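A short write-up of the structure that comes next.
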Amino acid sequence: MRRANCPRCGGRLARDNDSGRCTPCQTAERDRLISPPVVPAAFWEHEPIRQALAERHLGRVIRAYRHHPYHGRSPLPQTVVAGWLGITQAQLSRVENGPPLVHLDRLAHWANALRIPTAYLWFAPTGPPRHPAANSATHDANHPGPNRGRRALLAGIAAVAAGAGLLDGTDQVRPRRIGPADVVRLNAVLELYRSVDYESGGGLLYREVSRFAESVYRMLDWSHPTGLAPRLLAAVAAARQLAGWTALDAGRHEDAQRHFAAGERAALAADDMPLAAMIRYGQAKQLQHLRHNRDAVAALQLAHAQLGTQATPAMKALLWGAEAASIAALGDHRSAVNILGKASDQFDRIVSEREPDWLGFYDRGELLAQYGRVYRDRARQDRRHAPDAVRYVQEAIAAFGPANVRSTVLNEVGLCSALFLADEPEEALVVGARVIQQSQTLTSRRVVDRVLNLRRDLGRHRGLPEVVDFERRLTAHAHGAA
């Protein structure tokens, strides 16, 4: 090995340092990957950047920026830089490889984002100047957008995954020996992605999680201690489960099926029956969304059978609650209510410390939401059950935590339906207007589909002009989100 200097600070690298940067610089840069770093003036004199600037091609400037030696031996991933710019990785790839941009607002915005000095630009930036010390909060204030902060957060998570050796800009990391710390890091990254899923929905998230899940899936072929195999398999299965769930939420049903199938295989190989059952639950939720409720019941009953003695109270309550919803949709309301009672009995026995960490989302709000679904189906046949449907959904909404934004919006949709069924159209319209507004803050195709399904419960209220206008808004909203 030969000794070298860190390209960022000029410090001497240790002989065994193959990262291209010293440890302090790696740490500092990783912490700042959620926004562009402040680079020295000499950065812009690098020949590939000077040539791209001379060609007046901002896409090539960005590509040269990503490959600058200042960032180390590996270029910055497109995903990270795309997050800074508020676009997707695919869009950035087209910008880098396509014709030169001519839209002045976009040129100015991206030049400000990367802090390119005005003296190097061939156009006049619009808006307030971007000083080197300006932070990302100021930038977002000048360029608002509902997904900008989320994309920056996803870019930060991708940077953490890359720094942990779980992901890089080519969608594939170099094989190496896996240790226990890698599994810990893998699960930590998954928790970060889950937190975004709860708040924002899968539309913005599923590509990132899918890429991450497929990257770590390759780790099964890497060398690792024999005793680590079950933990590694379980972590890979959890990644596939989350990828399937976010794909389902984004309306990417073929991708969801593929991830769920791969996740189930990994969970069974790890002999982790609770995780396999959780993946079956995800498959059942997809079948419910597609209105294949008989298949959903079969998937849930198979999950119960797979669990056997490993079933925890939370797992039983989760599976029985979902099964009750499908059975009610099939018209057997008496059985559905009985199964809900079994779910409630198990819920009261839950001891959080004895449940899997990935079941942390399941709370009383989720159980009450299933009650709301069952009683809405009952009300569609007998409107005397509509007040109960309203009550259960209102209690579910009150029980959800502030971070569970998507579940809250989904149940607001359910509340709107229940109010129409309860012959309270005025209140239903108030909730419906709120639902349309709230759903615009999420990136969940599943929410959009549920909002559009409100039309089936408008029923005998279609004679009201306000309801006719509301139905028109529902259709327009669904088309706008497509």
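FYI, nothing fancy with the structure tokens labels: chains A, B, ... in order, residues from 1 per chain, ligands from 1 as they appear.
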
So that I can check the surroundings of segment 264-268 of chain A, please list as an MDAnalysis selection string every protein, DNA and RNA residue that reaches within 10 Å of it, counting only C-alpha atoms and ignoring chain neighbours fewer than 4 positions away. chainID A and resid 217 220 230:238 240:241 259:260 272:280 306

Which residues are close to Ala428 of chain A, i.e. within 6 Å by only C-alpha atoms, leaving aside same-chain residues fewer than 6 positions away? Reply as a PyMOL selection string. chain A and resi 416+419-420

Shell around Arg384 of chain A at 8 Å using only C-alpha atoms, local window under 3 positions removed, as a list in words: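 The residues that qualify are Ala379, Pro387 and Ala422 of chain A.
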
Could you pull the residues within 9 Å of Ala324 of chain A, counting only C-alpha atoms, minus those fewer than 5 positions along the same chain, as number ranges by chain? A: 297, 319, 329, 333, 335-340, 343, 370-371, 373-374

Go ahead and write the residues just picked, C-alpha atoms, as a PDB file, in the first residue's frame.
```pdb
ATOM      1  CA  VAL A 297     -58.597 -14.536   4.110  1.00  0.00           C
ATOM      2  CA  LEU A 319     -54.136 -10.933  11.746  1.00  0.00           C
ATOM      3  CA  ALA A 329     -66.497  -7.357   2.903  1.00  0.00           C
ATOM      4  CA  HIS A 333     -70.933  -9.725   9.327  1.00  0.00           C
ATOM      5  CA  SER A 335     -68.499 -13.932  11.883  1.00  0.00           C
ATOM      6  CA  ALA A 336     -66.585 -10.697  11.328  1.00  0.00           C
ATOM      7  CA  VAL A 337     -67.793  -9.240  14.648  1.00  0.00           C
ATOM      8  CA  ASN A 338     -66.900 -12.482  16.469  1.00  0.00           C
ATOM      9  CA  ILE A 339     -63.374 -12.412  15.036  1.00  0.00           C
ATOM     10  CA  LEU A 340     -63.032  -8.757  16.053  1.00  0.00           C
ATOM     11  CA  ALA A 343     -58.659  -9.618  18.183  1.00  0.00           C
ATOM     12  CA  GLN A 370     -60.691  -2.490  11.654  1.00  0.00           C
ATOM     13  CA  TYR A 371     -63.861  -2.095  13.742  1.00  0.00           C
ATOM     14  CA  ARG A 373     -64.219  -1.058   8.402  1.00  0.00           C
ATOM     15  CA  VAL A 374     -66.406  -3.922   9.584  1.00  0.00           C
TER      16      VAL A 374
END
```

Measure the distance from atom CA of Ala181 of chain A to atom CA of Leu228 of chain A in Å and round it to one decimal.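 Separating atom CA of Ala181 of chain A from atom CA of Leu228 of chain A is a distance of 10.6 Å.
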
Separation of atom CA of Asp249 of chain A from atom CA of Tyr206 of chain A, in Å and rounded to one decimal: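 Going from atom CA of Asp249 of chain A over to atom CA of Tyr206 of chain A, I get 8.3 Å.
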
Sorted per-residue table, segment 205-276 of chain A near segment 440-455 of chain A, closest atoms and distance, 9 Å, only C-alpha atoms, as a Markdown table:
```
| residue | atom | partner | partner_atom | distance |
| --- | --- | --- | --- | --- |
| A:Leu205 | CA | A:Thr443 | CA | 8.2 |
| A:Thr246 | CA | A:Ser444 | CA | 8.7 |
| A:Leu248 | CA | A:Arg446 | CA | 7.5 |
| A:Asp249 | CA | A:Arg446 | CA | 5.2 |
| A:Ala250 | CA | A:Arg445 | CA | 4.8 |
| A:Gly251 | CA | A:Arg445 | CA | 5.4 |
| A:Arg252 | CA | A:Arg445 | CA | 8.9 |
```

Spatial neighbours of Ala113 of chain A, 7 Å, only C-alpha atoms, chain gap at least 3 places, as a ChimeraX atom specification: /A:84-85,109-110

Spatial neighbours of Gly98 of chain A, max dist 10 Å, only C-alpha atoms, sep filter under 3 positions, as a list in words: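 Selected residues are His57, Gly59, Arg60, Leu92, Ser93, Arg94, Val95 and Leu101 of chain A.
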
Let me see the file: selected residues, C-alpha atoms, as an mmCIF file, in the first residue's frame.
```cif
data_model
loop_
_atom_site.group_PDB
_atom_site.id
_atom_site.type_symbol
_atom_site.label_atom_id
_atom_site.label_comp_id
_atom_site.auth_asym_id
_atom_site.auth_seq_id
_atom_site.Cartn_x
_atom_site.Cartn_y
_atom_site.Cartn_z
ATOM 1 C CA HIS A 57 -24.308 22.427 -19.980
ATOM 2 C CA GLY A 59 -26.104 18.637 -16.461
ATOM 3 C CA ARG A 60 -22.453 18.009 -17.270
ATOM 4 C CA LEU A 92 -30.965 13.739 -12.716
ATOM 5 C CA SER A 93 -29.623 11.025 -15.027
ATOM 6 C CA ARG A 94 -31.587 12.550 -17.906
ATOM 7 C CA VAL A 95 -30.331 16.028 -17.026
ATOM 8 C CA LEU A 101 -31.147 23.019 -20.016
#
```

Write out as a PDB file with N, CA, C and O atoms, in the first residue's frame the residues lying within 12 Å of His103 of chain A, counting only C-alpha atoms and excluding same-chain residues fewer than 3 positions away.
```
ATOM      1  N   HIS A  57     -23.460  23.619 -20.154  1.00  0.00           N
ATOM      2  CA  HIS A  57     -24.308  22.427 -19.980  1.00  0.00           C
ATOM      3  C   HIS A  57     -24.337  22.105 -18.487  1.00  0.00           C
ATOM      4  O   HIS A  57     -23.418  21.488 -17.956  1.00  0.00           O
ATOM      5  N   LEU A  58     -25.411  22.540 -17.795  1.00  0.00           N
ATOM      6  CA  LEU A  58     -25.447  22.383 -16.346  1.00  0.00           C
ATOM      7  C   LEU A  58     -25.496  20.913 -15.940  1.00  0.00           C
ATOM      8  O   LEU A  58     -24.977  20.537 -14.876  1.00  0.00           O
ATOM      9  N   PRO A  99     -29.844  16.922 -23.474  1.00  0.00           N
ATOM     10  CA  PRO A  99     -29.432  18.215 -24.041  1.00  0.00           C
ATOM     11  C   PRO A  99     -29.321  19.279 -22.944  1.00  0.00           C
ATOM     12  O   PRO A  99     -29.855  19.110 -21.844  1.00  0.00           O
ATOM     13  N   PRO A 100     -28.649  20.389 -23.228  1.00  0.00           N
ATOM     14  CA  PRO A 100     -28.499  21.443 -22.217  1.00  0.00           C
ATOM     15  C   PRO A 100     -29.845  22.026 -21.797  1.00  0.00           C
ATOM     16  O   PRO A 100     -30.764  22.156 -22.605  1.00  0.00           O
ATOM     17  N   ARG A 106     -34.951  27.048 -13.558  1.00  0.00           N
ATOM     18  CA  ARG A 106     -34.345  25.805 -13.097  1.00  0.00           C
ATOM     19  C   ARG A 106     -32.822  25.922 -13.057  1.00  0.00           C
ATOM     20  O   ARG A 106     -32.173  25.451 -12.116  1.00  0.00           O
ATOM     21  N   LEU A 107     -32.238  26.553 -14.070  1.00  0.00           N
ATOM     22  CA  LEU A 107     -30.786  26.772 -14.061  1.00  0.00           C
ATOM     23  C   LEU A 107     -30.363  27.543 -12.810  1.00  0.00           C
ATOM     24  O   LEU A 107     -29.408  27.169 -12.113  1.00  0.00           O
ATOM     25  N   ALA A 108     -31.093  28.623 -12.533  1.00  0.00           N
ATOM     26  CA  ALA A 108     -30.743  29.458 -11.391  1.00  0.00           C
ATOM     27  C   ALA A 108     -30.938  28.708 -10.076  1.00  0.00           C
ATOM     28  O   ALA A 108     -30.097  28.800  -9.165  1.00  0.00           O
ATOM     29  N   HIS A 109     -32.028  27.974  -9.968  1.00  0.00           N
ATOM     30  CA  HIS A 109     -32.320  27.236  -8.734  1.00  0.00           C
ATOM     31  C   HIS A 109     -31.226  26.215  -8.443  1.00  0.00           C
ATOM     32  O   HIS A 109     -30.710  26.114  -7.326  1.00  0.00           O
ATOM     33  N   TRP A 110     -30.832  25.429  -9.454  1.00  0.00           N
ATOM     34  CA  TRP A 110     -29.829  24.391  -9.230  1.00  0.00           C
ATOM     35  C   TRP A 110     -28.431  24.981  -9.015  1.00  0.00           C
ATOM     36  O   TRP A 110     -27.635  24.438  -8.248  1.00  0.00           O
ATOM     37  N   PHE A 123     -25.281  32.746 -17.076  1.00  0.00           N
ATOM     38  CA  PHE A 123     -26.600  33.368 -16.962  1.00  0.00           C
ATOM     39  C   PHE A 123     -26.644  34.102 -15.630  1.00  0.00           C
ATOM     40  O   PHE A 123     -25.805  33.891 -14.749  1.00  0.00           O
ATOM     41  N   PRO A 125     -28.265  34.575 -12.128  1.00  0.00           N
ATOM     42  CA  PRO A 125     -29.161  33.889 -11.184  1.00  0.00           C
ATOM     43  C   PRO A 125     -30.287  34.799 -10.757  1.00  0.00           C
ATOM     44  O   PRO A 125     -30.109  36.015 -10.613  1.00  0.00           O
ATOM     45  N   THR A 126     -31.465  34.230 -10.571  1.00  0.00           N
ATOM     46  CA  THR A 126     -32.611  34.992 -10.089  1.00  0.00           C
ATOM     47  C   THR A 126     -32.753  34.790  -8.606  1.00  0.00           C
ATOM     48  O   THR A 126     -32.260  33.822  -8.042  1.00  0.00           O
TER      49      THR A 126
END
```
